[in-house]
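A.B. asks: Sharing query_29.pdb below, PDB, C-alpha atoms:
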```
ATOM      1  CA  TYR F 129      -9.196  -1.955  48.713
ATOM      2  CA  VAL F 130      -7.259  -3.263  45.750
ATOM      3  CA  VAL F 131      -8.539  -0.829  43.112
ATOM      4  CA  PRO F 132      -6.543   2.229  44.343
ATOM      5  CA  ILE F 133      -3.366   0.140  44.286
ATOM      6  CA  VAL F 134      -3.965  -1.640  40.965
ATOM      7  CA  ALA F 135      -5.534   1.258  39.013
ATOM      8  CA  PRO F 136      -2.279   3.278  38.520
ATOM      9  CA  ILE F 137      -0.373   0.131  37.528
ATOM     10  CA  ALA F 138      -3.108  -0.906  35.077
ATOM     11  CA  LYS F 139      -3.200   2.585  33.590
ATOM     12  CA  ALA F 140       0.597   2.675  33.148
ATOM     13  CA  ALA F 141       0.660  -0.785  31.543
ATOM     14  CA  GLU F 142      -2.480  -0.234  29.477
ATOM     15  CA  GLY F 143      -0.747   0.809  26.247
ATOM     16  CA  TRP F 144       1.891  -1.885  25.913
ATOM     17  CA  LEU F 145      -0.107  -4.549  27.747
ATOM     18  CA  THR F 146      -3.138  -4.059  25.524
ATOM     19  CA  THR F 147      -0.950  -4.085  22.441
ATOM     20  CA  LEU F 148       0.767  -7.290  23.559
ATOM     21  CA  ALA F 149      -2.539  -9.008  24.378
ATOM     22  CA  LEU F 150      -4.130  -7.997  21.062
ATOM     23  CA  THR F 151      -1.023  -9.095  19.157
ATOM     24  CA  LEU F 152      -1.110 -12.533  20.808
ATOM     25  CA  ILE F 153      -4.841 -12.925  20.163
ATOM     26  CA  ASN F 154      -4.516 -11.859  16.514
ATOM     27  CA  ALA F 155      -1.496 -14.140  16.013
ATOM     28  CA  SER F 156      -3.433 -17.110  17.390
ATOM     29  CA  HIS F 157      -6.340 -16.347  15.041
ATOM     30  CA  LEU F 158      -3.928 -16.002  12.134
ATOM     31  CA  TRP F 159      -2.308 -19.375  12.876
ATOM     32  CA  PHE F 160      -5.754 -20.984  12.990
ATOM     33  CA  VAL F 161      -6.623 -19.502   9.586
ATOM     34  CA  VAL F 162      -3.249 -20.560   8.134
ATOM     35  CA  PHE F 163      -3.619 -24.162   9.343
ATOM     36  CA  PHE F 164      -7.213 -24.285   8.077
ATOM     37  CA  PHE F 165      -6.126 -22.889   4.702
ATOM     38  CA  MET F 166      -3.228 -25.359   4.422
ATOM     39  CA  ALA F 167      -5.622 -28.278   5.032
ATOM     40  CA  LEU F 168      -7.894 -27.302   2.132
ATOM     41  CA  PRO F 169      -7.711 -29.157  -1.176
ATOM     42  CA  THR F 170      -5.925 -27.318  -4.014
ATOM     43  CA  VAL F 171      -9.161 -26.389  -5.798
ATOM     44  CA  LEU F 172     -10.538 -24.717  -2.664
ATOM     45  CA  LYS F 173      -7.232 -22.931  -2.028
ATOM     46  CA  ARG F 174      -7.386 -21.436  -5.517
ATOM     47  CA  PHE F 175     -11.017 -20.437  -4.964
ATOM     48  CA  ALA F 176     -10.142 -18.876  -1.586
ATOM     49  CA  VAL F 177      -7.369 -16.767  -3.162
ATOM     50  CA  ILE F 178      -9.610 -15.519  -5.964
ATOM     51  CA  ALA F 179     -12.584 -14.926  -3.639
ATOM     52  CA  THR F 180     -10.418 -13.056  -1.118
ATOM     53  CA  GLY F 181      -8.954 -10.946  -3.882
ATOM     54  CA  THR F 182     -12.248 -10.062  -5.530
ATOM     55  CA  VAL F 183     -15.351 -10.167  -3.295
ATOM     56  CA  TYR F 184     -14.548  -7.416  -0.782
ATOM     57  CA  PRO F 185     -12.583  -5.277  -3.282
ATOM     58  CA  VAL F 186     -15.518  -5.326  -5.734
ATOM     59  CA  LEU F 187     -17.887  -4.153  -3.000
ATOM     60  CA  ALA F 188     -15.407  -1.513  -1.786
ATOM     61  CA  THR F 189     -14.881  -0.290  -5.349
ATOM     62  CA  ILE F 190     -18.624   0.075  -5.908
ATOM     63  CA  VAL F 191     -18.960   2.033  -2.664
ATOM     64  CA  ALA F 192     -15.940   4.223  -3.510
ATOM     65  CA  ILE F 193     -17.243   5.033  -6.982
ATOM     66  CA  SER F 194     -20.805   5.712  -5.876
ATOM     67  CA  ALA F 195     -19.831   7.726  -2.780
ATOM     68  CA  ASP F 196     -20.626  11.416  -2.925
ATOM     69  CA  THR F 197     -17.129  12.777  -2.263
ATOM     70  CA  ASP F 198     -14.605  14.568  -4.372
ATOM     71  CA  VAL F 199     -11.571  13.436  -2.513
ATOM     72  CA  GLY F 200     -10.920  10.484  -4.820
ATOM     73  CA  LEU F 201      -8.570   8.776  -2.346
ATOM     74  CA  ALA F 202     -10.739   5.656  -2.117
ATOM     75  CA  ASP F 203     -11.018   5.564  -5.900
ATOM     76  CA  ASP F 204      -7.225   5.727  -6.219
ATOM     77  CA  LYS F 205      -6.733   3.037  -3.589
ATOM     78  CA  TRP F 206      -8.961   0.565  -5.389
ATOM     79  CA  LEU F 207      -7.650   1.459  -8.841
ATOM     80  CA  THR F 208      -4.106   0.735  -7.669
ATOM     81  CA  TYR F 209      -5.332  -2.447  -5.952
ATOM     82  CA  TRP F 210      -6.956  -3.786  -9.123
ATOM     83  CA  SER F 211      -3.833  -3.013 -11.149
ATOM     84  CA  ALA F 212      -1.592  -4.829  -8.666
ATOM     85  CA  PHE F 213      -4.010  -7.749  -8.148
ATOM     86  CA  SER F 214      -4.269  -8.302 -11.891
ATOM     87  CA  LEU F 215      -0.492  -8.669 -11.989
ATOM     88  CA  LEU F 216      -0.631 -11.213  -9.167
ATOM     89  CA  TYR F 217      -3.466 -13.084 -10.878
ATOM     90  CA  LEU F 218      -1.575 -13.227 -14.172
ATOM     91  CA  GLY F 219       1.459 -14.540 -12.301
ATOM     92  CA  MET F 220      -0.637 -17.179 -10.552
ATOM     93  CA  ILE F 221      -2.211 -18.337 -13.827
ATOM     94  CA  SER F 222       1.195 -18.418 -15.528
ATOM     95  CA  ALA F 223       2.664 -20.498 -12.723
ATOM     96  CA  GLU F 224      -0.268 -22.918 -12.913
ATOM     97  CA  ARG F 225      -0.098 -23.287 -16.680
ATOM     98  CA  PHE F 226       3.623 -23.277 -17.414
ATOM     99  CA  VAL F 227       5.324 -24.486 -14.232
ATOM    100  CA  GLY F 228       2.699 -26.923 -13.030
ATOM    101  CA  LYS F 229       2.054 -27.732  -9.399
ATOM    102  CA  VAL F 230       4.122 -25.366  -7.267
ATOM    103  CA  PRO F 231       4.103 -26.191  -3.549
ATOM    104  CA  GLY F 232       2.843 -23.254  -1.519
ATOM    105  CA  LEU F 233       1.743 -21.239  -4.573
ATOM    106  CA  TYR F 234      -1.741 -20.508  -3.245
ATOM    107  CA  THR F 235      -0.488 -19.742   0.251
ATOM    108  CA  LEU F 236       1.945 -17.235  -1.246
ATOM    109  CA  CYS F 237      -0.778 -15.770  -3.476
ATOM    110  CA  LEU F 238      -3.135 -15.396  -0.512
ATOM    111  CA  ALA F 239      -0.427 -13.675   1.525
ATOM    112  CA  VAL F 240       0.353 -11.294  -1.356
ATOM    113  CA  THR F 241      -3.367 -10.636  -1.892
ATOM    114  CA  LEU F 242      -3.739  -9.656   1.768
ATOM    115  CA  TYR F 243      -0.599  -7.504   1.490
ATOM    116  CA  LEU F 244      -2.120  -5.705  -1.488
ATOM    117  CA  MET F 245      -5.576  -5.296   0.055
ATOM    118  CA  LEU F 246      -5.099  -4.452   3.720
ATOM    119  CA  PRO F 247      -4.652  -0.762   4.541
ATOM    120  CA  ILE F 248      -2.088  -1.532   7.243
ATOM    121  CA  PHE F 249       0.400  -2.573   4.545
ATOM    122  CA  ASP F 250      -0.779  -0.396   1.622
ATOM    123  CA  GLY F 251       0.938  -2.907  -0.628
ATOM    124  CA  SER F 252      -1.065  -2.086  -3.734
ATOM    125  CA  ASP F 253       0.269   1.479  -3.668
ATOM    126  CA  ALA F 254       3.840   0.232  -3.182
ATOM    127  CA  VAL F 255       3.560  -2.245  -6.079
ATOM    128  CA  PHE F 256       1.837   0.338  -8.263
ATOM    129  CA  ARG F 257       4.454   3.028  -7.620
ATOM    130  CA  SER F 258       7.569   0.849  -7.667
ATOM    131  CA  ILE F 259       6.693  -1.654 -10.419
ATOM    132  CA  LEU F 260       3.794  -0.600 -12.646
ATOM    133  CA  VAL F 261       4.479   3.133 -12.923
ATOM    134  CA  PRO F 262       8.176   2.715 -13.899
ATOM    135  CA  LEU F 263       7.290  -0.214 -16.192
ATOM    136  CA  PHE F 264       4.905   1.968 -18.186
ATOM    137  CA  ARG F 265       7.075   5.099 -17.833
ATOM    138  CA  GLN F 266       4.438   7.128 -16.013
ATOM    139  CA  ARG F 267       6.564   8.443 -13.124
ATOM    140  CA  GLU F 268       6.300  12.094 -14.180
ATOM    141  CA  SER F 269       2.514  11.884 -14.556
ATOM    142  CA  LEU F 270       2.197  10.298 -11.124
ATOM    143  CA  LEU F 271       4.445  12.932  -9.545
ATOM    144  CA  LEU F 272       2.365  15.704 -11.126
ATOM    145  CA  LYS F 273      -0.806  14.083  -9.795
ATOM    146  CA  ASP F 274       0.775  13.860  -6.324
ATOM    147  CA  ALA F 275       1.792  17.530  -6.563
ATOM    148  CA  LYS F 276      -1.778  18.503  -7.448
ATOM    149  CA  LYS F 277      -3.104  16.527  -4.466
ATOM    150  CA  LEU F 278      -0.578  18.228  -2.206
ATOM    151  CA  ALA F 279      -1.548  21.645  -3.576
ATOM    152  CA  LYS F 280      -5.234  20.915  -2.994
ATOM    153  CA  ASN F 281      -4.470  19.748   0.530
ATOM    154  CA  MET F 282      -2.458  22.913   1.207
ATOM    155  CA  VAL F 283      -5.301  25.105  -0.075
ATOM    156  CA  LEU F 284      -7.823  23.298   2.127
ATOM    157  CA  GLN F 285      -5.688  23.506   5.277
ATOM    158  CA  LEU F 286      -4.228  27.011   5.021
ATOM    159  CA  PRO F 287      -6.112  30.262   5.515
ATOM    160  CA  LYS F 288      -6.960  32.121   2.290
ATOM    161  CA  ASP F 289      -4.553  34.961   3.010
ATOM    162  CA  ARG F 290      -1.638  32.431   3.078
ATOM    163  CA  HIS F 291      -2.431  30.695  -0.245
ATOM    164  CA  SER F 292      -0.273  32.886  -2.469
ATOM    165  CA  GLU F 293       2.712  32.948  -0.128
ATOM    166  CA  ALA F 294       2.553  29.195   0.540
ATOM    167  CA  GLY F 295       2.298  28.456  -3.211
ATOM    168  CA  GLN F 296       5.348  30.609  -3.907
ATOM    169  CA  ALA F 297       7.261  28.911  -1.084
ATOM    170  CA  ALA F 298       6.381  25.458  -2.449
ATOM    171  CA  ALA F 299       7.463  26.460  -5.972
ATOM    172  CA  ALA F 300      10.689  27.962  -4.607
ATOM    173  CA  ALA F 301      11.424  24.762  -2.661
ATOM    174  CA  PHE F 302      10.943  22.715  -5.835
ATOM    175  CA  LEU F 303      13.245  24.984  -7.860
ATOM    176  CA  GLU F 304      15.861  24.944  -5.080
ATOM    177  CA  GLU F 305      15.902  21.128  -5.035
ATOM    178  CA  ALA F 306      16.133  21.035  -8.842
ATOM    179  CA  LYS F 307      19.102  23.444  -8.790
ATOM    180  CA  LYS F 308      20.858  21.361  -6.098
ATOM    181  CA  LEU F 309      20.415  18.207  -8.144
ATOM    182  CA  ASP F 310      21.613  19.919 -11.319
ATOM    183  CA  ALA F 311      24.682  21.251  -9.485
ATOM    184  CA  GLU F 312      25.470  17.793  -8.041
ATOM    185  CA  GLN F 313      25.122  16.179 -11.451
ATOM    186  CA  ALA F 314      27.237  18.857 -13.117
ATOM    187  CA  GLY F 315      29.871  18.624 -10.359
ATOM    188  CA  GLY F 316      29.878  14.824 -10.516
ATOM    189  CA  GLY F 317      30.191  14.895 -14.312
ATOM    190  CA  THR F 318      33.236  17.246 -14.283
ATOM    191  CA  SER F 319      35.011  15.387 -11.492
ATOM    192  CA  SER F 320      34.567  12.051 -13.261
ATOM    193  CA  ALA F 321      35.744  13.623 -16.537
ATOM    194  CA  ALA F 322      38.799  15.070 -14.757
ATOM    195  CA  ALA F 323      39.517  11.677 -13.165
ATOM    196  CA  ALA F 324      39.292   9.999 -16.568
ATOM    197  CA  THR F 325      41.674  12.590 -18.095
ATOM    198  CA  SER F 326      44.251  12.142 -15.340
ATOM    199  CA  GLN F 327      44.330   8.366 -15.917
TER     200      GLN F 327
END
```
Would you write out, as structure tokens, the structure that this file holds?
C.D. replies:
Amino acid sequence: YVVPIVAPIAKAAEGWLTTLALTLINASHLWFVVFFFMALPTVLKRFAVIATGTVYPVLATIVAISADTDVGLADDKWLTYWSAFSLLYLGMISAERFVGKVPGLYTLCLAVTLYLMLPIFDGSDAVFRSILVPLFRQRESLLLKDAKKLAKNMVLQLPKDRHSEAGQAAAAAFLEEAKKLDAEQAGGGTSSAAAATSQ
């Protein structure tokens, strides 16, 4: 008797209700892990950070390298992860050696390690693109690699008879954006020169 009345309400609330319930459950698990981690001695905290940052990523890297695919997305993900994690590890070692005991250092390192590793955040890609690539002046190379991936994706998704036209449209869009930027820079340069002359 109740099912016909409750079923439409349950179905309507399923999306947000399920999300809310799962969020509360995951938050309670996370708090348990945080309190457990905070209670560990310093040596075990350091071990937990290093183990979290290396055990699963090593296994995932081995699987990504030995997998029989040509996509390379998993390879790129773990290459960027290892680059970003090595930066974090060097920072952690430097803080231990030169600063001494920093309260909350290992908690922060664990949080950053999870940020770098978990796909929901994709932190390793963000750190790689916004810190490492500019630091080593590799932005153009990375953009060319991204353009090649996009071209390959376009070729795979479009019918063969559209390849030439789509490639020309993509090249035209690039040239149009470059011309707009050049015009803005040229216009900005003359207006600032005119403003400087009038002063």
A.B. asks: Give me, please, the distance in Å between atom CA of F:Trp206 and atom CA of F:Ile193, quoted to one decimal.
C.D. replies: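 Taking atom CA of F:Trp206 as the start and atom CA of F:Ile193 as the end point, the length is 9.5 Å.
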A.B. asks: Would you kindly return, as a PyMOL selection string, each protein, DNA or RNA residue with an atom no farther than 9 Å from any atom of stretch 256-262 of chain F, considering only C-alpha atoms and excluding same-chain residues fewer than 5 positions away?
C.D. replies: chain F and resi 208-209+211-212+251+267+270
A.B. asks: Could you check which of F:Ala192, F:Gln296, F:Lys205, F:Gly315 is closest to F:Pro247, using only C-alpha atoms?
C.D. replies: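 Closest residue, counting only C-alpha atoms: F:Lys205.
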A.B. asks: Tell me which residues the PyMOL selection byres ((chain F and resi 162-177) around 8) grabs here, as a ChimeraX atom specification.
C.D. replies: /F:158-161,178-181,234-235,237-238,241
A.B. asks: Which residue, F:Leu309, F:Thr146, F:Leu236, F:Ala275, has the smallest gap to F:Ala223 when you use all atoms listed in the file?
C.D. replies: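 Of F:Leu309, F:Thr146, F:Leu236, F:Ala275, the one nearest F:Ala223, counting all atoms listed in the file, is F:Leu236.
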A.B. asks: Please complete stretch 271-291 of chain F with N, CA, C and O atoms and give it back as an mmCIF file, keeping the file's coordinate frame.
C.D. replies:
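See out.cif below for the written result:
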```
data_model
loop_
_atom_site.group_PDB
_atom_site.id
_atom_site.type_symbol
_atom_site.label_atom_id
_atom_site.label_comp_id
_atom_site.auth_asym_id
_atom_site.auth_seq_id
_atom_site.Cartn_x
_atom_site.Cartn_y
_atom_site.Cartn_z
ATOM 1 N N LEU F 271 3.914 11.858 -10.390
ATOM 2 C CA LEU F 271 4.445 12.932 -9.545
ATOM 3 C C LEU F 271 3.630 14.218 -9.699
ATOM 4 O O LEU F 271 3.375 14.915 -8.715
ATOM 5 N N LEU F 272 3.209 14.520 -10.918
ATOM 6 C CA LEU F 272 2.365 15.704 -11.126
ATOM 7 C C LEU F 272 1.009 15.542 -10.438
ATOM 8 O O LEU F 272 0.492 16.488 -9.840
ATOM 9 N N LYS F 273 0.456 14.332 -10.488
ATOM 10 C CA LYS F 273 -0.806 14.083 -9.795
ATOM 11 C C LYS F 273 -0.631 14.235 -8.287
ATOM 12 O O LYS F 273 -1.476 14.836 -7.614
ATOM 13 N N ASP F 274 0.488 13.704 -7.752
ATOM 14 C CA ASP F 274 0.775 13.860 -6.324
ATOM 15 C C ASP F 274 0.946 15.328 -5.948
ATOM 16 O O ASP F 274 0.492 15.765 -4.892
ATOM 17 N N ALA F 275 1.600 16.101 -6.826
ATOM 18 C CA ALA F 275 1.792 17.530 -6.563
ATOM 19 C C ALA F 275 0.447 18.265 -6.540
ATOM 20 O O ALA F 275 0.229 19.147 -5.697
ATOM 21 N N LYS F 276 -0.447 17.883 -7.436
ATOM 22 C CA LYS F 276 -1.778 18.503 -7.448
ATOM 23 C C LYS F 276 -2.562 18.169 -6.180
ATOM 24 O O LYS F 276 -3.255 19.017 -5.626
ATOM 25 N N LYS F 277 -2.440 16.908 -5.718
ATOM 26 C CA LYS F 277 -3.104 16.527 -4.466
ATOM 27 C C LYS F 277 -2.544 17.319 -3.298
ATOM 28 O O LYS F 277 -3.277 17.775 -2.423
ATOM 29 N N LEU F 278 -1.217 17.467 -3.274
ATOM 30 C CA LEU F 278 -0.578 18.228 -2.206
ATOM 31 C C LEU F 278 -1.021 19.686 -2.246
ATOM 32 O O LEU F 278 -1.316 20.283 -1.207
ATOM 33 N N ALA F 279 -1.100 20.258 -3.445
ATOM 34 C CA ALA F 279 -1.548 21.645 -3.576
ATOM 35 C C ALA F 279 -2.985 21.800 -3.079
ATOM 36 O O ALA F 279 -3.303 22.752 -2.361
ATOM 37 N N LYS F 280 -3.838 20.850 -3.446
ATOM 38 C CA LYS F 280 -5.234 20.915 -2.994
ATOM 39 C C LYS F 280 -5.315 20.801 -1.477
ATOM 40 O O LYS F 280 -6.069 21.523 -0.824
ATOM 41 N N ASN F 281 -4.512 19.922 -0.913
ATOM 42 C CA ASN F 281 -4.470 19.748 0.530
ATOM 43 C C ASN F 281 -3.985 21.027 1.217
ATOM 44 O O ASN F 281 -4.519 21.433 2.251
ATOM 45 N N MET F 282 -2.958 21.657 0.642
ATOM 46 C CA MET F 282 -2.458 22.913 1.207
ATOM 47 C C MET F 282 -3.535 23.991 1.177
ATOM 48 O O MET F 282 -3.721 24.717 2.146
ATOM 49 N N VAL F 283 -4.255 24.087 0.062
ATOM 50 C CA VAL F 283 -5.301 25.105 -0.075
ATOM 51 C C VAL F 283 -6.412 24.870 0.953
ATOM 52 O O VAL F 283 -6.934 25.810 1.544
ATOM 53 N N LEU F 284 -6.752 23.599 1.175
ATOM 54 C CA LEU F 284 -7.823 23.298 2.127
ATOM 55 C C LEU F 284 -7.414 23.577 3.571
ATOM 56 O O LEU F 284 -8.241 23.956 4.394
ATOM 57 N N GLN F 285 -6.124 23.392 3.892
ATOM 58 C CA GLN F 285 -5.688 23.506 5.277
ATOM 59 C C GLN F 285 -5.183 24.895 5.664
ATOM 60 O O GLN F 285 -5.169 25.223 6.842
ATOM 61 N N LEU F 286 -4.762 25.685 4.694
ATOM 62 C CA LEU F 286 -4.228 27.011 5.021
ATOM 63 C C LEU F 286 -5.302 28.080 4.895
ATOM 64 O O LEU F 286 -6.210 27.952 4.065
ATOM 65 N N PRO F 287 -5.173 29.137 5.682
ATOM 66 C CA PRO F 287 -6.112 30.262 5.515
ATOM 67 C C PRO F 287 -5.926 30.911 4.140
ATOM 68 O O PRO F 287 -4.842 30.864 3.558
ATOM 69 N N LYS F 288 -6.987 31.540 3.639
ATOM 70 C CA LYS F 288 -6.960 32.121 2.290
ATOM 71 C C LYS F 288 -5.856 33.158 2.114
ATOM 72 O O LYS F 288 -5.248 33.246 1.049
ATOM 73 N N ASP F 289 -5.569 33.918 3.149
ATOM 74 C CA ASP F 289 -4.553 34.961 3.010
ATOM 75 C C ASP F 289 -3.136 34.379 2.904
ATOM 76 O O ASP F 289 -2.200 35.092 2.564
ATOM 77 N N ARG F 290 -2.956 33.073 3.164
ATOM 78 C CA ARG F 290 -1.638 32.431 3.078
ATOM 79 C C ARG F 290 -1.455 31.629 1.789
ATOM 80 O O ARG F 290 -0.377 31.115 1.522
ATOM 81 N N HIS F 291 -2.501 31.516 0.959
ATOM 82 C CA HIS F 291 -2.431 30.695 -0.245
ATOM 83 C C HIS F 291 -1.314 31.134 -1.184
ATOM 84 O O HIS F 291 -0.500 30.307 -1.623
#
```
